[in-house]
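Structure file input-v5.cif (mmCIF, C-alpha atoms and all ligand atoms) is printed below.
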data_final
#
loop_
_atom_site.label_atom_id
_atom_site.label_comp_id
_atom_site.auth_asym_id
_atom_site.auth_seq_id
_atom_site.Cartn_x
_atom_site.Cartn_y
_atom_site.Cartn_z
CA MET G 1 115.66 76.69 131.81
CA THR G 2 113.28 79.32 130.46
CA PRO G 3 112.40 78.47 126.86
CA VAL G 4 113.10 81.23 124.35
CA ARG G 5 109.89 81.93 122.50
CA ALA G 6 109.42 83.62 119.17
CA PRO G 7 107.99 87.12 119.69
CA SER G 8 104.20 86.95 119.84
CA ALA G 9 103.61 90.64 119.09
CA VAL G 10 105.17 93.13 116.70
CA ARG G 11 106.36 95.28 119.58
CA GLU G 12 108.52 92.47 120.98
CA PHE G 13 110.61 92.56 117.82
CA GLU G 14 111.82 96.04 118.66
CA ALA G 15 113.64 94.84 121.77
CA ALA G 16 115.13 91.92 119.85
CA ALA G 17 116.29 94.27 117.11
CA ARG G 18 117.73 96.78 119.55
CA ALA G 19 119.80 94.05 121.18
CA ARG G 20 121.35 93.18 117.81
CA LEU G 21 121.86 96.58 116.20
CA LEU G 22 124.68 99.04 116.78
CA PRO G 23 123.21 101.82 118.94
CA ALA G 24 123.68 104.44 116.23
CA HIS G 25 121.85 102.24 113.73
CA TYR G 26 119.04 101.48 116.16
CA ASP G 27 118.68 105.24 116.73
CA TYR G 28 118.60 105.89 112.99
CA PHE G 29 115.75 103.41 112.50
CA ALA G 30 113.78 104.29 115.64
CA GLY G 31 114.26 108.02 115.72
CA GLY G 32 112.54 110.97 114.22
CA ALA G 33 112.69 114.72 113.80
CA GLY G 34 113.07 117.28 116.57
CA GLU G 35 111.44 116.36 119.88
CA GLU G 36 109.95 113.23 118.24
CA ILE G 37 106.48 114.51 119.12
CA THR G 38 105.06 113.22 115.86
CA VAL G 39 106.81 109.84 116.26
CA ARG G 40 104.99 109.34 119.55
CA ALA G 41 101.74 110.90 118.32
CA ASN G 42 101.39 108.35 115.50
CA GLU G 43 101.13 105.43 117.93
CA ALA G 44 99.29 107.34 120.66
CA ALA G 45 96.51 108.31 118.25
CA PHE G 46 95.62 104.65 117.65
CA ALA G 47 95.43 104.12 121.42
CA ARG G 48 92.92 106.99 121.60
CA LEU G 49 90.58 105.34 119.12
CA ALA G 50 88.18 102.72 120.42
CA LEU G 51 86.55 99.90 118.46
CA LEU G 52 82.84 99.23 118.78
CA PRO G 53 82.03 95.64 117.78
CA ARG G 54 78.78 94.39 116.27
CA VAL G 55 77.37 91.05 117.44
CA LEU G 56 75.52 88.05 115.98
CA ARG G 57 76.46 88.95 112.45
CA GLY G 58 77.11 85.38 111.35
CA THR G 59 80.26 86.32 109.52
CA GLY G 60 81.68 83.38 107.68
CA LYS G 61 84.82 83.39 105.64
CA LEU G 62 87.05 86.42 106.14
CA GLN G 63 88.32 88.68 103.35
CA THR G 64 91.60 90.53 103.94
CA GLY G 65 92.73 91.02 100.33
CA VAL G 66 92.79 94.42 98.64
CA THR G 67 93.19 95.54 95.04
CA LEU G 68 95.29 98.64 94.50
CA PRO G 69 96.54 100.51 91.42
CA GLY G 70 99.84 98.59 91.48
CA GLY G 71 98.22 95.16 91.94
CA ARG G 72 96.59 92.90 94.51
CA ALA G 73 97.72 92.16 98.04
CA ALA G 74 96.43 89.28 100.16
CA MET G 75 96.59 91.47 103.25
CA PRO G 76 95.90 95.20 103.62
CA VAL G 77 99.33 95.86 105.15
CA LEU G 78 102.07 96.85 102.73
CA VAL G 79 105.80 97.18 103.40
CA ALA G 80 106.51 100.94 103.50
CA PRO G 81 109.68 102.15 101.77
CA THR G 82 112.53 102.33 104.27
CA ALA G 83 116.20 103.00 103.56
CA PHE G 84 119.32 100.96 104.33
CA HIS G 85 118.08 97.42 105.05
CA ARG G 86 121.63 96.04 104.97
CA LEU G 87 122.30 97.97 108.20
CA ALA G 88 119.68 95.71 109.77
CA HIS G 89 120.64 92.40 108.16
CA PRO G 90 123.31 91.23 105.68
CA GLU G 91 120.65 90.07 103.19
CA GLY G 92 119.08 93.52 103.37
CA GLU G 93 116.20 94.26 101.01
CA ARG G 94 116.43 90.76 99.49
CA ALA G 95 115.24 89.22 102.76
CA THR G 96 112.45 91.80 103.10
CA ALA G 97 111.28 91.16 99.54
CA ARG G 98 111.15 87.39 100.04
CA ALA G 99 109.07 87.77 103.20
CA ALA G 100 106.70 90.26 101.53
CA ALA G 101 106.26 87.94 98.53
CA ALA G 102 105.57 84.96 100.82
CA ALA G 103 102.92 87.05 102.61
CA GLU G 104 101.54 88.01 99.17
CA THR G 105 101.79 91.68 99.96
CA VAL G 106 103.45 94.64 98.26
CA MET G 107 106.97 95.75 99.11
CA VAL G 108 107.73 99.36 98.28
CA VAL G 109 111.44 99.43 97.47
CA SER G 110 113.13 102.57 98.75
CA MET G 111 115.15 104.70 96.40
CA ALA G 112 117.69 104.54 99.26
CA ALA G 113 117.81 100.72 99.24
CA THR G 114 121.19 99.09 99.82
CA VAL G 115 120.38 96.38 97.27
CA ALA G 116 119.71 97.37 93.64
CA VAL G 117 116.03 97.18 92.62
CA GLU G 118 116.93 94.59 89.94
CA ASP G 119 118.49 92.36 92.62
CA VAL G 120 115.55 92.84 94.98
CA ALA G 121 113.22 91.73 92.17
CA ALA G 122 115.41 88.73 91.35
CA ALA G 123 115.42 87.66 95.00
CA ALA G 124 111.63 87.42 95.16
CA PRO G 125 110.22 86.27 91.81
CA GLY G 126 106.44 86.49 91.83
CA GLY G 127 106.44 89.23 94.45
CA THR G 128 104.83 92.62 93.85
CA LEU G 129 107.23 95.55 94.08
CA TRP G 130 106.50 99.25 93.89
CA PHE G 131 109.35 101.73 93.64
CA GLN G 132 109.67 104.80 95.87
CA LEU G 133 111.17 107.88 94.30
CA TYR G 134 112.39 111.25 95.46
CA ILE G 135 112.12 113.30 92.28
CA GLN G 136 115.66 114.46 91.54
CA PRO G 137 116.15 117.97 90.12
CA ASP G 138 118.24 116.30 87.41
CA LEU G 139 115.26 115.06 85.41
CA ALA G 140 117.33 112.95 83.04
CA PHE G 141 118.71 111.07 86.05
CA THR G 142 115.20 110.76 87.52
CA GLU G 143 114.05 109.26 84.22
CA ALA G 144 116.94 106.79 84.21
CA ILE G 145 115.89 105.56 87.67
CA VAL G 146 112.26 105.29 86.57
CA ARG G 147 113.34 103.16 83.60
CA ARG G 148 115.31 100.88 85.91
CA ALA G 149 112.30 100.44 88.19
CA GLU G 150 110.06 99.67 85.22
CA ALA G 151 112.53 97.19 83.76
CA ALA G 152 112.86 95.47 87.13
CA GLY G 153 109.10 94.88 87.06
CA CYS G 154 107.89 97.42 89.59
CA THR G 155 104.16 98.04 89.12
CA ALA G 156 103.76 101.50 90.69
CA LEU G 157 105.83 104.57 91.48
CA VAL G 158 105.50 106.04 94.95
CA VAL G 159 106.66 109.64 94.91
CA THR G 160 107.57 110.92 98.34
CA VAL G 161 106.60 114.55 98.65
CA ASP G 162 107.16 115.27 102.35
CA SER G 163 110.89 115.76 101.91
CA PRO G 164 111.78 119.08 100.26
CA ALA G 165 114.67 118.88 102.76
CA ARG G 166 116.10 116.17 104.95
CA GLY G 167 114.52 115.95 108.41
CA ARG G 168 116.60 117.22 111.36
CA ARG G 169 117.19 114.20 113.51
CA ASP G 170 118.95 114.89 116.78
CA ARG G 171 119.81 111.28 117.48
CA ASP G 172 121.69 110.99 114.18
CA GLN G 173 123.49 114.28 114.83
CA HIS G 174 124.58 113.17 118.30
CA ASN G 175 125.75 109.83 116.98
CA GLY G 176 127.52 111.36 113.99
CA PHE G 177 125.49 109.04 111.77
CA ASP G 178 125.48 110.60 108.33
CA ASP G 179 126.70 107.95 105.93
CA LEU G 180 126.63 104.24 105.22
CA PRO G 181 129.62 102.07 106.23
CA ASP G 182 132.21 101.10 103.61
CA GLY G 183 130.88 98.48 101.24
CA MET G 184 127.30 99.74 101.37
CA CYS G 185 125.67 102.40 99.27
CA CYS G 186 122.37 103.42 97.74
CA GLU G 187 122.53 100.99 94.82
CA ASN G 188 119.66 102.65 92.96
CA LEU G 189 121.68 105.86 92.72
CA ARG G 190 124.45 104.36 90.62
CA ASP G 191 125.26 106.42 87.57
CA GLY G 192 128.04 104.86 85.54
CA ASP G 193 130.91 104.23 87.92
CA ARG G 194 129.79 106.65 90.63
CA VAL G 195 126.97 106.70 93.17
CA ARG G 196 125.10 109.98 93.30
CA PRO G 197 123.81 111.44 96.56
CA ILE G 198 120.02 111.61 96.98
CA VAL G 199 118.94 115.20 96.54
CA MET G 200 115.97 116.38 98.55
CA SER G 201 115.10 119.58 96.80
CA PRO G 202 112.67 122.35 97.79
CA GLU G 203 112.34 123.19 94.10
CA ILE G 204 110.20 120.14 93.37
CA SER G 205 106.60 121.15 92.59
CA TRP G 206 103.38 119.91 91.00
CA ARG G 207 105.01 120.61 87.64
CA HIS G 208 107.37 117.71 88.38
CA VAL G 209 104.48 115.40 89.16
CA ASP G 210 103.07 116.24 85.73
CA LEU G 211 106.46 115.58 84.13
CA LEU G 212 106.73 112.25 85.92
CA ARG G 213 103.26 111.22 84.80
CA ARG G 214 104.27 111.92 81.23
CA MET G 215 107.51 109.98 81.76
CA THR G 216 105.82 106.69 82.65
CA GLU G 217 102.71 104.58 82.23
CA LEU G 218 103.03 103.29 85.79
CA PRO G 219 100.47 104.49 88.33
CA VAL G 220 101.86 107.35 90.41
CA VAL G 221 101.13 107.28 94.14
CA LEU G 222 101.76 110.47 96.15
CA LYS G 223 103.25 109.66 99.57
CA GLY G 224 103.39 112.21 102.34
CA VAL G 225 100.11 114.05 101.88
CA THR G 226 98.72 115.57 105.08
CA HIS G 227 96.61 118.57 103.98
CA PRO G 228 93.21 117.93 102.41
CA ASP G 229 93.83 120.73 99.88
CA ASP G 230 96.91 118.84 98.67
CA ALA G 231 94.80 115.69 98.36
CA ARG G 232 92.43 117.63 96.05
CA LEU G 233 95.38 118.99 94.04
CA ALA G 234 96.76 115.47 93.75
CA LEU G 235 93.53 114.42 92.03
CA ASP G 236 93.84 117.36 89.61
CA HIS G 237 97.30 116.08 88.75
CA GLY G 238 96.08 112.58 87.98
CA VAL G 239 97.63 110.52 90.76
CA ALA G 240 96.47 106.93 91.13
CA ALA G 241 96.44 106.99 94.95
CA VAL G 242 97.05 109.36 97.85
CA TRP G 243 99.24 108.12 100.71
CA VAL G 244 98.70 109.91 104.03
CA SER G 245 101.98 109.97 105.91
CA ASN G 246 104.16 112.17 108.08
CA HIS G 247 107.14 109.95 107.24
CA GLY G 248 106.91 108.19 110.60
CA GLY G 249 107.61 111.52 112.33
CA ARG G 250 111.00 111.82 110.64
CA GLN G 251 110.45 114.99 108.62
CA LEU G 252 108.57 117.94 110.17
CA ASP G 253 108.09 117.45 113.90
CA THR G 254 104.69 118.32 115.41
CA VAL G 255 102.72 117.36 112.30
CA PRO G 256 99.57 115.63 113.65
CA ALA G 257 99.32 111.88 113.97
CA ALA G 258 98.75 110.28 110.58
CA VAL G 259 95.50 108.54 111.52
CA ASP G 260 94.07 111.83 112.82
CA LEU G 261 94.68 113.38 109.39
CA LEU G 262 92.99 110.53 107.57
CA PRO G 263 89.26 111.45 107.75
CA GLU G 264 89.73 114.89 106.19
CA VAL G 265 91.89 113.53 103.40
CA VAL G 266 89.41 110.71 102.75
CA ALA G 267 86.61 113.29 102.55
CA ALA G 268 88.63 115.46 100.16
CA VAL G 269 89.42 112.51 97.89
CA GLY G 270 85.76 111.48 97.92
CA GLY G 271 86.39 107.96 96.69
CA ALA G 272 88.10 109.12 93.47
CA VAL G 273 91.26 107.10 94.20
CA PRO G 274 92.42 104.82 97.03
CA VAL G 275 93.86 106.46 100.15
CA LEU G 276 96.77 104.69 101.86
CA LEU G 277 98.11 105.44 105.32
CA ASP G 278 101.23 104.78 107.35
CA GLY G 279 102.60 105.84 110.74
CA GLY G 280 102.27 104.04 114.04
CA ILE G 281 100.62 100.82 112.87
CA ARG G 282 101.72 98.11 115.33
CA ARG G 283 98.63 95.90 115.72
CA GLY G 284 95.84 94.37 113.67
CA THR G 285 93.46 96.62 115.60
CA ASP G 286 95.38 99.66 114.26
CA VAL G 287 94.92 98.33 110.71
CA VAL G 288 91.15 97.95 111.07
CA LYS G 289 90.83 101.38 112.71
CA ALA G 290 92.59 103.04 109.77
CA MET G 291 90.50 101.10 107.26
CA ALA G 292 87.28 101.91 109.13
CA LEU G 293 88.23 105.58 108.77
CA GLY G 294 88.58 105.16 105.02
CA ALA G 295 92.08 103.87 104.25
CA SER G 296 92.15 101.30 101.42
CA ALA G 297 95.30 99.79 102.90
CA VAL G 298 98.06 100.70 105.35
CA ALA G 299 101.84 100.27 105.44
CA VAL G 300 104.42 99.52 108.12
CA GLY G 301 107.94 100.93 108.27
CA ARG G 302 109.70 100.26 111.57
CA PRO G 303 107.95 96.94 112.34
CA VAL G 304 109.54 95.48 109.21
CA ILE G 305 112.96 96.83 110.18
CA TRP G 306 112.61 95.26 113.64
CA GLY G 307 111.69 91.89 112.15
CA LEU G 308 114.57 92.10 109.70
CA ALA G 309 117.14 93.04 112.34
CA ALA G 310 115.87 90.38 114.76
CA ASP G 311 115.74 87.44 112.38
CA GLY G 312 116.15 88.35 108.70
CA GLU G 313 113.55 87.05 106.25
CA ARG G 314 112.00 84.91 108.98
CA GLY G 315 111.59 87.91 111.26
CA VAL G 316 109.88 89.98 108.57
CA ALA G 317 107.65 87.01 107.68
CA ARG G 318 106.68 86.69 111.33
CA VAL G 319 105.90 90.41 111.67
CA LEU G 320 103.70 90.32 108.57
CA GLY G 321 102.12 87.03 109.68
CA LEU G 322 101.29 88.43 113.11
CA LEU G 323 99.67 91.50 111.57
CA HIS G 324 97.69 89.34 109.15
CA ASP G 325 96.44 87.07 111.95
CA GLU G 326 95.61 90.03 114.16
CA VAL G 327 93.60 91.67 111.35
CA GLU G 328 91.59 88.47 110.88
CA HIS G 329 91.02 88.16 114.60
CA ALA G 330 89.92 91.80 114.91
CA LEU G 331 87.50 91.38 112.00
CA THR G 332 85.98 88.29 113.63
CA LEU G 333 85.51 90.02 116.97
CA LEU G 334 84.12 93.14 115.27
CA GLY G 335 81.56 91.06 113.42
CA VAL G 336 82.87 92.17 110.04
CA ALA G 337 83.61 89.60 107.33
CA SER G 338 85.64 91.74 104.95
CA VAL G 339 88.07 94.61 105.20
CA HIS G 340 85.85 96.28 102.61
CA ASP G 341 82.98 96.38 105.12
CA LEU G 342 84.86 98.42 107.73
CA ARG G 343 82.99 101.70 108.38
CA PRO G 344 83.58 104.82 110.52
CA GLY G 345 80.74 103.74 112.86
CA LEU G 346 82.97 100.95 114.18
CA VAL G 347 85.43 103.49 115.59
CA ARG G 348 84.98 106.23 118.16
CA PRO G 349 87.31 108.50 120.15
CA CYS G 350 88.03 107.47 123.72
C1 LIG E 1 114.46 103.93 108.99
C2 LIG E 1 113.44 104.54 108.08
C3 LIG E 1 113.79 104.86 106.78
C4 LIG E 1 112.84 105.39 105.91
N1 LIG E 1 113.19 105.63 104.63
C5 LIG E 1 112.26 106.09 103.78
C6 LIG E 1 112.56 106.25 102.41
O1 LIG E 1 113.66 105.95 101.96
N2 LIG E 1 111.60 106.74 101.60
C7 LIG E 1 110.35 107.07 102.06
O2 LIG E 1 109.50 107.52 101.29
N3 LIG E 1 110.02 106.91 103.36
C8 LIG E 1 110.94 106.42 104.21
N4 LIG E 1 110.61 106.22 105.52
C9 LIG E 1 109.21 106.48 105.95
C10 LIG E 1 108.34 105.22 105.82
O3 LIG E 1 108.06 104.94 104.48
C11 LIG E 1 107.01 105.36 106.55
O4 LIG E 1 106.38 106.54 106.13
C12 LIG E 1 107.12 105.36 108.07
O5 LIG E 1 108.15 104.50 108.52
C13 LIG E 1 105.80 104.91 108.69
O6 LIG E 1 105.83 104.93 110.07
P1 LIG E 1 106.11 103.63 110.99
O7 LIG E 1 107.58 103.44 110.99
O8 LIG E 1 105.56 104.05 112.30
O9 LIG E 1 105.37 102.46 110.39
C14 LIG E 1 111.54 105.67 106.39
C15 LIG E 1 111.19 105.36 107.70
C16 LIG E 1 112.12 104.79 108.55
C17 LIG E 1 111.70 104.43 109.95
O1 LIG E 2 115.59 108.08 106.74
C1 LIG E 2 114.59 108.40 106.10
O2 LIG E 2 113.48 108.57 106.65
C2 LIG E 2 114.66 108.60 104.66
O3 LIG E 2 113.63 108.83 104.11
C3 LIG E 2 115.91 108.52 103.87
C4 LIG E 2 115.88 108.89 102.55
C5 LIG E 2 117.04 108.88 101.78
C6 LIG E 2 118.22 108.45 102.32
C7 LIG E 2 118.24 108.05 103.62
C8 LIG E 2 117.09 108.07 104.38
#

Now, as a test, write the supplied structure out as structure tokens.
Amino acid sequence: MTPVRAPSAVREFEAAARARLLPAHYDYFAGGAGEEITVRANEAAFARLALLPRVLRGTGKLQTGVTLPGGRAAMPVLVAPTAFHRLAHPEGERATARAAAAAETVMVVSMAATVAVEDVAAAAPGGTLWFQLYIQPDLAFTEAIVRRAEAAGCTALVVTVDSPARGRRDRDQHNGFDDLPDGMCCENLRDGDRVRPIVMSPEISWRHVDLLRRMTELPVVLKGVTHPDDARLALDHGVAAVWVSNHGGRQLDTVPAAVDLLPEVVAAVGGAVPVLLDGGIRRGTDVVKAMALGASAVAVGRPVIWGLAADGERGVARVLGLLHDEVEHALTLLGVASVHDLRPGLVRPC
């Protein structure tokens, strides 16, 4: 009999997840906007970057930890905010939070989580949670959500700014996937005895970022920046970090690959605040490439979903563990002792 082995690479979790998920749910998680050109570009861009190792550097103990505005992480790979974890596993965001806490990394709880932020926090005491927010045009309601996130112990607010409208996702349209099944809802959108829909409004502007900053003491991270001019504006508006992202190719199709946008944003930010990046990270080598190009840390969206769908908390723990081990291995073979010593000279186009 062929022994069944645990997946030994992040990518193997996708097949395991696909086998377990309803096709419409798999498509929701995997898919993106339009022709999915950006979805594919995110991963392809990492394949087009080569690593150039240094030798005989006598690197001793490795350093993978990073310090960010919302706290420390033992590895430079955060859990990106993704919606609807209970579609992937009955424990939903609770399982994800436990695995992230065990890996000593940050979980960014989605505003569209299917477990309330208070319950996510209670499931993983000692874990670091940030809260992702779509600023709602109803500012009083936005403030109520911010207060909940603060009270639950979240240490940063991640404001997603790439969604002035919902992305057009053909797979979801074909599958008729437009709502959660009975018994599941966006628990962070509860307002008295009703659950409000998430509004993605084109009216949101820099003025709202200013209002939000006045609303809270928490560091505000801007997620979904692609243009260097917006990175500069973000600094003018006092953000604590800039997060380069095209939403995993789920918003505007044909936006360039995230890692290809990184150098210009890093140059625009000029070291004033940390720059985070997500989109297409599947390997430890992808993590070190992004950090060599100036990211302070990266985040993974779909890999976490695949781990969760395949094997719950254990699957997410394995995905994060694989990425951590691969980062260490890549550092060793690059001749670099610390993620802080990664430099652009270690990467070149190929
Ligand atoms: C299924 C799914 C749901 C997502 N939900 C959210 C969300 O609620 N809020 C948000 O800011 N980003 C959301 N994103 C975007 C992720 O935070 C992240 O930018 C993206 O997944 C990174 O690309 P990757 O999946 O290649 O790692 C979602 C992504 C996926 C795949
Ligand atoms: O699917 C997404 O990418 C996403 O960001 C989202 C946000 C709110 C509700 C559902 C999904």

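For G:Ala156, the set of protein, DNA and RNA residues having any atom at most 7 Å away, when counting only C-alpha atoms and skipping those fewer than 6 positions along the same chain, is G:Gly70, G:Trp130, G:Phe131, G:Leu218, G:Pro219, G:Val220.
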
Box dimensions and centre (Å, one decimal) enclosing ligand LIG 1 (chain E), axis-aligned, 3 Å extra per side, as AutoDock Vina command-line options:
--center_x 109.9 --center_y 105.0 --center_z 106.8 --size_x 15.1 --size_y 11.1 --size_z 17.0

Spatial neighbours of G:Thr285, max dist 8 Å, only C-alpha atoms, sep filter under 5 positions, as a list in words: Glu326, Val327 and Ala330 of chain G

Closest pair table for chain G residues within 6 Å of ligand LIG 2 (chain E), only C-alpha atoms and all ligand atoms, as a tab-separated table:
residue	atom	partner	partner_atom	distance
G:Ala83	CA	E:LIG2	C8	5.2
G:Ala112	CA	E:LIG2	C6	5.0
G:Arg250	CA	E:LIG2	O2	5.7

Residues within 7 Å of G:Ala123, please, as a ChimeraX atom specification. Count all atoms listed in the file; anything in the same chain fewer than 4 positions from it doesn't count. /G:94,98,119

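Compared by their closest atoms to ligand LIG 1 (chain E), and using all atoms listed in the file, the residues G:Met75, G:Val255, G:Ala234, G:Val298 rank with G:Val298 nearest.
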
Could you give me, as a PDB file with C-alpha atoms, in the coordinates of the input, the residues within 12 Å of stretch 209-215 of chain G, counting all atoms listed in the file and dropping anything in the same chain fewer than 2 positions from it?
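Dumped everything to around_5.pdb:
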ATOM      1  CA  LEU G 133     111.170 107.880  94.300  1.00  0.00           C
ATOM      2  CA  TYR G 134     112.390 111.250  95.460  1.00  0.00           C
ATOM      3  CA  ILE G 135     112.120 113.300  92.280  1.00  0.00           C
ATOM      4  CA  GLN G 136     115.660 114.460  91.540  1.00  0.00           C
ATOM      5  CA  PRO G 137     116.150 117.970  90.120  1.00  0.00           C
ATOM      6  CA  LEU G 139     115.260 115.060  85.410  1.00  0.00           C
ATOM      7  CA  ALA G 140     117.330 112.950  83.040  1.00  0.00           C
ATOM      8  CA  THR G 142     115.200 110.760  87.520  1.00  0.00           C
ATOM      9  CA  GLU G 143     114.050 109.260  84.220  1.00  0.00           C
ATOM     10  CA  ALA G 144     116.940 106.790  84.210  1.00  0.00           C
ATOM     11  CA  ILE G 145     115.890 105.560  87.670  1.00  0.00           C
ATOM     12  CA  VAL G 146     112.260 105.290  86.570  1.00  0.00           C
ATOM     13  CA  ARG G 147     113.340 103.160  83.600  1.00  0.00           C
ATOM     14  CA  GLU G 150     110.060  99.670  85.220  1.00  0.00           C
ATOM     15  CA  ALA G 156     103.760 101.500  90.690  1.00  0.00           C
ATOM     16  CA  LEU G 157     105.830 104.570  91.480  1.00  0.00           C
ATOM     17  CA  VAL G 158     105.500 106.040  94.950  1.00  0.00           C
ATOM     18  CA  VAL G 159     106.660 109.640  94.910  1.00  0.00           C
ATOM     19  CA  THR G 160     107.570 110.920  98.340  1.00  0.00           C
ATOM     20  CA  VAL G 161     106.600 114.550  98.650  1.00  0.00           C
ATOM     21  CA  ILE G 204     110.200 120.140  93.370  1.00  0.00           C
ATOM     22  CA  SER G 205     106.600 121.150  92.590  1.00  0.00           C
ATOM     23  CA  TRP G 206     103.380 119.910  91.000  1.00  0.00           C
ATOM     24  CA  ARG G 207     105.010 120.610  87.640  1.00  0.00           C
ATOM     25  CA  GLU G 217     102.710 104.580  82.230  1.00  0.00           C
ATOM     26  CA  LEU G 218     103.030 103.290  85.790  1.00  0.00           C
ATOM     27  CA  PRO G 219     100.470 104.490  88.330  1.00  0.00           C
ATOM     28  CA  VAL G 220     101.860 107.350  90.410  1.00  0.00           C
ATOM     29  CA  VAL G 221     101.130 107.280  94.140  1.00  0.00           C
ATOM     30  CA  LEU G 222     101.760 110.470  96.150  1.00  0.00           C
ATOM     31  CA  LYS G 223     103.250 109.660  99.570  1.00  0.00           C
ATOM     32  CA  LEU G 233      95.380 118.990  94.040  1.00  0.00           C
ATOM     33  CA  ALA G 234      96.760 115.470  93.750  1.00  0.00           C
ATOM     34  CA  LEU G 235      93.530 114.420  92.030  1.00  0.00           C
ATOM     35  CA  ASP G 236      93.840 117.360  89.610  1.00  0.00           C
ATOM     36  CA  HIS G 237      97.300 116.080  88.750  1.00  0.00           C
ATOM     37  CA  GLY G 238      96.080 112.580  87.980  1.00  0.00           C
ATOM     38  CA  VAL G 239      97.630 110.520  90.760  1.00  0.00           C
ATOM     39  CA  ALA G 240      96.470 106.930  91.130  1.00  0.00           C
TER      40      ALA G 240
END

Could you tell me how far atom O8 of ligand LIG 1 (chain E) sits from atom CA of G:Met184, in Å to one decimal place? 24.7 Å

Which is closest to ligand LIG 1 (chain E) among G:Leu87, G:Ala101, G:Leu293, G:Val300, if we use all atoms listed in the file? G:Val300

Atomic separation - atom CA of G:Leu129 relative to atom CA of G:Gly153, Å: 7.3 Å

Within 8 Å of ligand LIG 1 (chain E) (counting only C-alpha atoms and all ligand atoms), which residues show up? I'd like them as number ranges by chain. G: 28-32, 39, 42-43, 80-84, 110-113, 132-134, 158-160, 223-224, 245-250, 278-282, 299-303, 305

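With all atoms listed in the file as the atoms that count, the residue of G:Gly315, G:Gly34, G:Gly321, G:Pro263 with the shortest distance to G:Asp172 is G:Gly34.
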
Looking at G:Val120, G:Leu334, G:Ala297, G:Val108, which one is nearest to G:Gly92, with distances taken over all atoms listed in the file? G:Val120

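If only C-alpha atoms are the atoms counted, then among G:Val287, G:Ala50, G:Ala152, G:Ala337 the closest residue to G:Pro76 is G:Val287.
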
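Distance annotation: of G:Gly335, G:Gly126, G:Thr96, G:Asp341, the residue with the minimal separation from G:Gly58 is G:Gly335; atom set is only C-alpha atoms.
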
What's the 10 Å shell around G:His227, counting all atoms listed in the file, without same-chain residues fewer than 5 positions away, as an mmCIF file with C-alpha atoms, in the coordinates of the input?
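Result file is result_30.cif:
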data_model
loop_
_atom_site.group_PDB
_atom_site.id
_atom_site.type_symbol
_atom_site.label_atom_id
_atom_site.label_comp_id
_atom_site.auth_asym_id
_atom_site.auth_seq_id
_atom_site.Cartn_x
_atom_site.Cartn_y
_atom_site.Cartn_z
ATOM 1 C CA ARG G 232 92.430 117.630 96.050
ATOM 2 C CA VAL G 244 98.700 109.910 104.030
ATOM 3 C CA LEU G 261 94.680 113.380 109.390
ATOM 4 C CA LEU G 262 92.990 110.530 107.570
ATOM 5 C CA GLU G 264 89.730 114.890 106.190
ATOM 6 C CA VAL G 265 91.890 113.530 103.400
ATOM 7 C CA ALA G 268 88.630 115.460 100.160
#

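We find atom CA of G:Thr114 and atom CA of G:Arg72 to be spaced 25.9 Å apart.
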
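Point (95.7, 92.8, 96.4) has the following residues at most 9 Å away: Thr64, Gly65, Val66, Thr67, Leu68, Gly70, Gly71, Arg72, Ala73, Ala74, Met75, Pro76, Glu104, Thr105 and Val106 of chain G (atoms considered: only C-alpha atoms).
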